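Trainee: Mind having a look at this structure? Questions to follow.
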Amino acid sequence: MVRASWGWLVAACLAVPMAQAANKPSAIVVGAGLAGLSSAYELEKAGWQVTVLEARDEVGGRSGPQSGEWIGSKSAMPVLHNYIDLFKLSTHKAPGEVQRPAFLVNGQYLTESELAKQLPRDAQAIDKVRAELATLAQKITDPSNPAPDRDLLTLDQTTVARWLDGQGLPPTARALVNQMLRSRFDEPSRISLLYLLQQYSVYQQIGESERRAARLNGGSGVLAQAFAKRVRQIKTGQWVSRVQQQGEHVVVQAGKHEYRADYVVLSVPLPALGKISLSPSLDPLRSAAIKDINYGWRDSMLLKFKKPVWGQTRLSGEIYSDEGLGVIWLEPALKGGANLMVTLAGDNARLLQTLGDRQVVDQVLFKLDKRYPGARAAFKGYEVTRPGKDPLAGGAWLAYGPGEMSRYWGLWEKPMGRMYFAGEHTDKLFPGTLEGALRSGQRVAQQLLSAQR
């Protein structure tokens, strides 16, 4: 992630002055991820006085290693691309290898057509699962309201793993399907079947190639910096501990500093929200949601090598391995050598949570060296993002578990007094994505503008 110096923002680190707030409506945004930054930008553009408080020393939130992020097309991620165009950021088109998924079975790289030739039984089983999911997803006529009747609600009571148990998949096909699901959502045993179908319904109109259509040069950190240049008051290193509603204002405590405004936008992940003292307290349903709602687990590693030990191979944008690894991309490094992006997701990542970053990298290098001899000798460095171990995140992204959609669907779109909620976890259609985070920031800004009219 691109880092920035915030020395110019340190001065006058006390509350938004009440004289300013009297002339303009004001808001404090807690969290400088893309949800918080987009809400702050939209409010400030509408004439509001906005102060963004971020616990980290940098903006951007849960961003992965900057060289590993592929984004969807304009049709798949319209809000993201609107900001890219608005801020005149650069992208480049994804090569064909990135746009098509592939497989790594017994150490052998296989495209989908190669899988069908060499392991036809497994390929047919995977196609059958896809067809069954597409058929079931047709029951969801409105993805923003996925459970309008009892029949659909019953799907929320079962896990994807239990449903897969009834599909009679061969072992290799089951391992690959598990990896597909954990890479995009979480472990199949932790995901609600209704949630998977709802997401299937959202994306079935978007082709696979549209999901990884381009790269935002520099990653999402560049977009965060573009927002930061346009938002006047961003204060980093401000760990918010308390939010109080006092009459027609809110008071936010961050360390020794106190900030005051008309409204507060809480744009932090639910595990982090649970660590903030709120007055009045959250209602019982929201309190339960913070403890219950499942978050996926995904560790991302950008491994750097002196040379491409894999030779001329150009691997896919997303590989599903029977060994639990998801390789996103192989590419030349900017200053020579080569980079490899590897992901560990679901319980494969959870099992390694007690290990340090270098220990996890060594585990991956051991497997790579068996497939590509000389990988360990050519290795020269790494970047690791592990949101599950991050106390400010507590997980990679929302992934509803069984029974959770029935209880909590749309809950965080509703304000609580002068507290409003943003973040990828609050978006109904695109949770866990840059698009969902940005959409939630726009939604909150619009809610506040409407409340002030």
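Chain labels A, B, ... are given in the sequence in which chains occur in the structure tokens; within each chain residues are numbered consecutively from 1, and ligands are likewise numbered from 1 in the order shown.
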Tell me which protein, DNA and RNA residues are within 7 Å of Leu438 of chain A, counting only C-alpha atoms, leaving out same-chain ones fewer than 6 positions away, and put them as a VMD selection string.
Mentor: chain A and resid 34 to 35 38 79 to 80
Trainee: Contacts of Ala76 of chain A at 12 Å or less, counting only C-alpha atoms, minus same-chain residues fewer than 3 places along, as an MDAnalysis selection string?
Mentor: chainID A and resid 71:73 79:82 202:214 429:430 433:436
Trainee: How would the residues just picked look written out with C-alpha atoms as a PDB file, in the first residue's frame?
Mentor:
ATOM      1  CA  ILE A  71     -10.718  -5.230 -10.710  1.00  0.00           C
ATOM      2  CA  GLY A  72     -13.956  -5.892 -12.574  1.00  0.00           C
ATOM      3  CA  SER A  73     -15.082  -4.151 -15.750  1.00  0.00           C
ATOM      4  CA  VAL A  79     -19.095   2.981  -8.977  1.00  0.00           C
ATOM      5  CA  LEU A  80     -15.406   2.080  -8.787  1.00  0.00           C
ATOM      6  CA  HIS A  81     -14.851   3.027 -12.417  1.00  0.00           C
ATOM      7  CA  ASN A  82     -16.719   6.314 -11.985  1.00  0.00           C
ATOM      8  CA  VAL A 202     -25.847 -11.075  -8.456  1.00  0.00           C
ATOM      9  CA  TYR A 203     -22.921 -12.285 -10.547  1.00  0.00           C
ATOM     10  CA  GLN A 204     -24.518 -14.703 -12.979  1.00  0.00           C
ATOM     11  CA  GLN A 205     -25.173 -11.810 -15.370  1.00  0.00           C
ATOM     12  CA  ILE A 206     -21.479 -10.876 -15.182  1.00  0.00           C
ATOM     13  CA  GLY A 207     -19.150 -13.098 -17.171  1.00  0.00           C
ATOM     14  CA  GLU A 208     -16.042 -14.590 -15.597  1.00  0.00           C
ATOM     15  CA  SER A 209     -13.823 -12.373 -17.741  1.00  0.00           C
ATOM     16  CA  GLU A 210     -15.646  -9.287 -16.417  1.00  0.00           C
ATOM     17  CA  ARG A 211     -14.644 -10.086 -12.826  1.00  0.00           C
ATOM     18  CA  ARG A 212     -10.930  -9.595 -13.544  1.00  0.00           C
ATOM     19  CA  ALA A 213     -10.928  -7.184 -16.441  1.00  0.00           C
ATOM     20  CA  ALA A 214      -8.222  -4.670 -15.526  1.00  0.00           C
ATOM     21  CA  LEU A 429     -25.138  -6.726  -3.510  1.00  0.00           C
ATOM     22  CA  PHE A 430     -21.335  -6.503  -3.458  1.00  0.00           C
ATOM     23  CA  THR A 433     -15.422  -5.883  -2.759  1.00  0.00           C
ATOM     24  CA  LEU A 434     -14.122  -2.403  -3.523  1.00  0.00           C
ATOM     25  CA  GLU A 435     -17.432  -1.791  -5.271  1.00  0.00           C
ATOM     26  CA  GLY A 436     -19.415  -2.682  -2.155  1.00  0.00           C
TER      27      GLY A 436
END
Trainee: Please determine, counting only C-alpha atoms, which residue among A:Trp70, A:Phe103, A:Trp412, A:Tyr295 has the shortest atom-to-atom distance to Ala116 of chain A.
Mentor: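 Checking each of A:Trp70, A:Phe103, A:Trp412, A:Tyr295 against Ala116 of chain A, counting only C-alpha atoms, the winner is A:Phe103.
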Trainee: Do you know which residues are at most 7 Å from segment 129-139 of chain A counting only C-alpha atoms, after dropping those on the same chain fewer than 2 positions away, and could you put them as a PyMOL selection string?
Mentor: chain A and resi 125-127+141+197-198+200-201
Trainee: Could you save those same residues with C-alpha atoms as a compact mmCIF listing (two decimals), in the first residue's frame?
Mentor:
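Just written: part.txt:
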# COMPACT_ATOMS: atom_id res chain seq x y z
CA ALA A 125 -18.92 -32.93 -11.55
CA ILE A 126 -17.77 -29.29 -11.27
CA ASP A 127 -19.98 -28.31 -14.20
CA THR A 141 -35.78 -12.83 -8.32
CA LEU A 197 -27.18 -18.39 -4.08
CA GLN A 198 -27.81 -14.67 -3.56
CA TYR A 200 -24.57 -16.31 -7.55
CA SER A 201 -27.70 -14.41 -8.59
Trainee: For atom CA of Gln49 of chain A and atom CA of Tyr263 of chain A, determine how far apart the two atoms are, in Å to one decimal place.
Mentor: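 These two atoms are separated by 10.5 Å.
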Trainee: Write down as number ranges by chain the residues of segment 120-328 of chain A whose backbone DSSP state falls under helix (DSSP H, G or I).
Mentor: A: 120-137, 150-155, 160-165, 171-184, 188-190, 193-203, 208-211, 220-230, 270-273, 284-292
Trainee: Under the rule that only C-alpha atoms are counted, which of A:Trp48, A:Trp397, A:Trp239, A:Tyr109 is the nearest residue to Asp427 of chain A?
Mentor: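 Looking at the shortest contact to Asp427 of chain A, the residue is A:Trp397.
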Trainee: Return as a count of residues only the full set of residues in segment 199-382 of chain A whose backbone-based DSSP assignment is strand (DSSP E).
Mentor: 64
Trainee: Between atom CA of Gly221 of chain A and atom CA of Asp362 of chain A, what is the spacing in Å?
Mentor: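 Spanning atom CA of Asp362 of chain A to atom CA of Gly221 of chain A is a straight-line distance of 26.7 Å.
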Trainee: Which residues, written as a list of chain:residue names, have at least one atom at most 10 Å from segment 387-395 of chain A, with only C-alpha atoms counted and residues fewer than 3 positions away on the same chain left out?
Mentor: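 Once the adjacent positions are removed, what remains is A:Gly31, A:Ala55, A:Arg56, A:Gly61, A:Arg62, A:Ser63, A:Gly64, A:Trp239, A:Val268, A:Pro269, A:Leu270, A:Pro271, A:Ala272, A:Leu273, A:Lys275, A:Asn294, A:Tyr295, A:Gly296, A:Trp297, A:Arg298, A:Asp299, A:Ser300, A:Ala349, A:Arg350, A:Gln353, A:Thr354, A:Val384, A:Leu398, A:Ala399.
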Trainee: For the residues in the current selection, export C-alpha atoms as a short mmCIF file (atom, residue, chain, number, x, y, z; two decimals), in the first residue's frame.
Mentor:
data_model
loop_
_atom_site.label_atom_id
_atom_site.label_comp_id
_atom_site.auth_asym_id
_atom_site.auth_seq_id
_atom_site.Cartn_x
_atom_site.Cartn_y
_atom_site.Cartn_z
CA GLY A 31 -12.34 4.70 9.45
CA ALA A 55 -6.53 4.38 13.76
CA ARG A 56 -3.76 3.35 11.39
CA GLY A 61 -8.16 0.08 5.18
CA ARG A 62 -8.08 -3.58 4.18
CA SER A 63 -6.06 -3.36 0.99
CA GLY A 64 -4.00 -6.24 -0.28
CA TRP A 239 -7.96 5.04 17.63
CA VAL A 268 -15.15 0.03 10.34
CA PRO A 269 -15.51 -3.76 10.15
CA LEU A 270 -17.88 -5.30 12.67
CA PRO A 271 -15.11 -6.86 14.83
CA ALA A 272 -13.57 -3.38 15.20
CA LEU A 273 -16.98 -1.79 15.82
CA LYS A 275 -14.44 -2.62 20.45
CA ASN A 294 -19.19 -14.56 9.92
CA TYR A 295 -16.16 -13.00 8.28
CA GLY A 296 -14.17 -14.81 5.63
CA TRP A 297 -10.47 -15.41 6.09
CA ARG A 298 -7.97 -14.71 3.31
CA ASP A 299 -4.22 -14.19 3.61
CA SER A 300 -2.49 -12.65 0.58
CA ALA A 349 -5.53 -19.75 6.47
CA ARG A 350 -7.07 -20.04 9.94
CA GLN A 353 -2.96 -17.93 12.27
CA THR A 354 -0.56 -18.72 15.12
CA VAL A 384 1.84 -10.11 3.38
CA LEU A 398 -18.40 -10.44 5.44
CA ALA A 399 -19.58 -13.94 4.46
#
Trainee: So which one's closest to Ile84 of chain A, A:Leu285, A:Val222, A:Val231, A:Asp142? Using only C-alpha atoms, please.
Mentor: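 Using only C-alpha atoms, Ile84 of chain A sits closest to A:Val222.
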Trainee: Could you list, with a cut-off of 12 Å and counting only C-alpha atoms, the residues of segment 357-434 of chain A near segment 244-259 of chain A, each shown with its nearest atom pair and the distance in Å rounded to one decimal, rows sorted by chain and ascending number, as CSV?
Mentor:
residue,atom,partner,partner_atom,distance
A:Met416,CA,A:Gln245,CA,10.0
A:Gly417,CA,A:Gln245,CA,7.9
A:Arg418,CA,A:Gln245,CA,6.9
A:Met419,CA,A:Gln245,CA,8.1
A:Tyr420,CA,A:Val250,CA,11.4
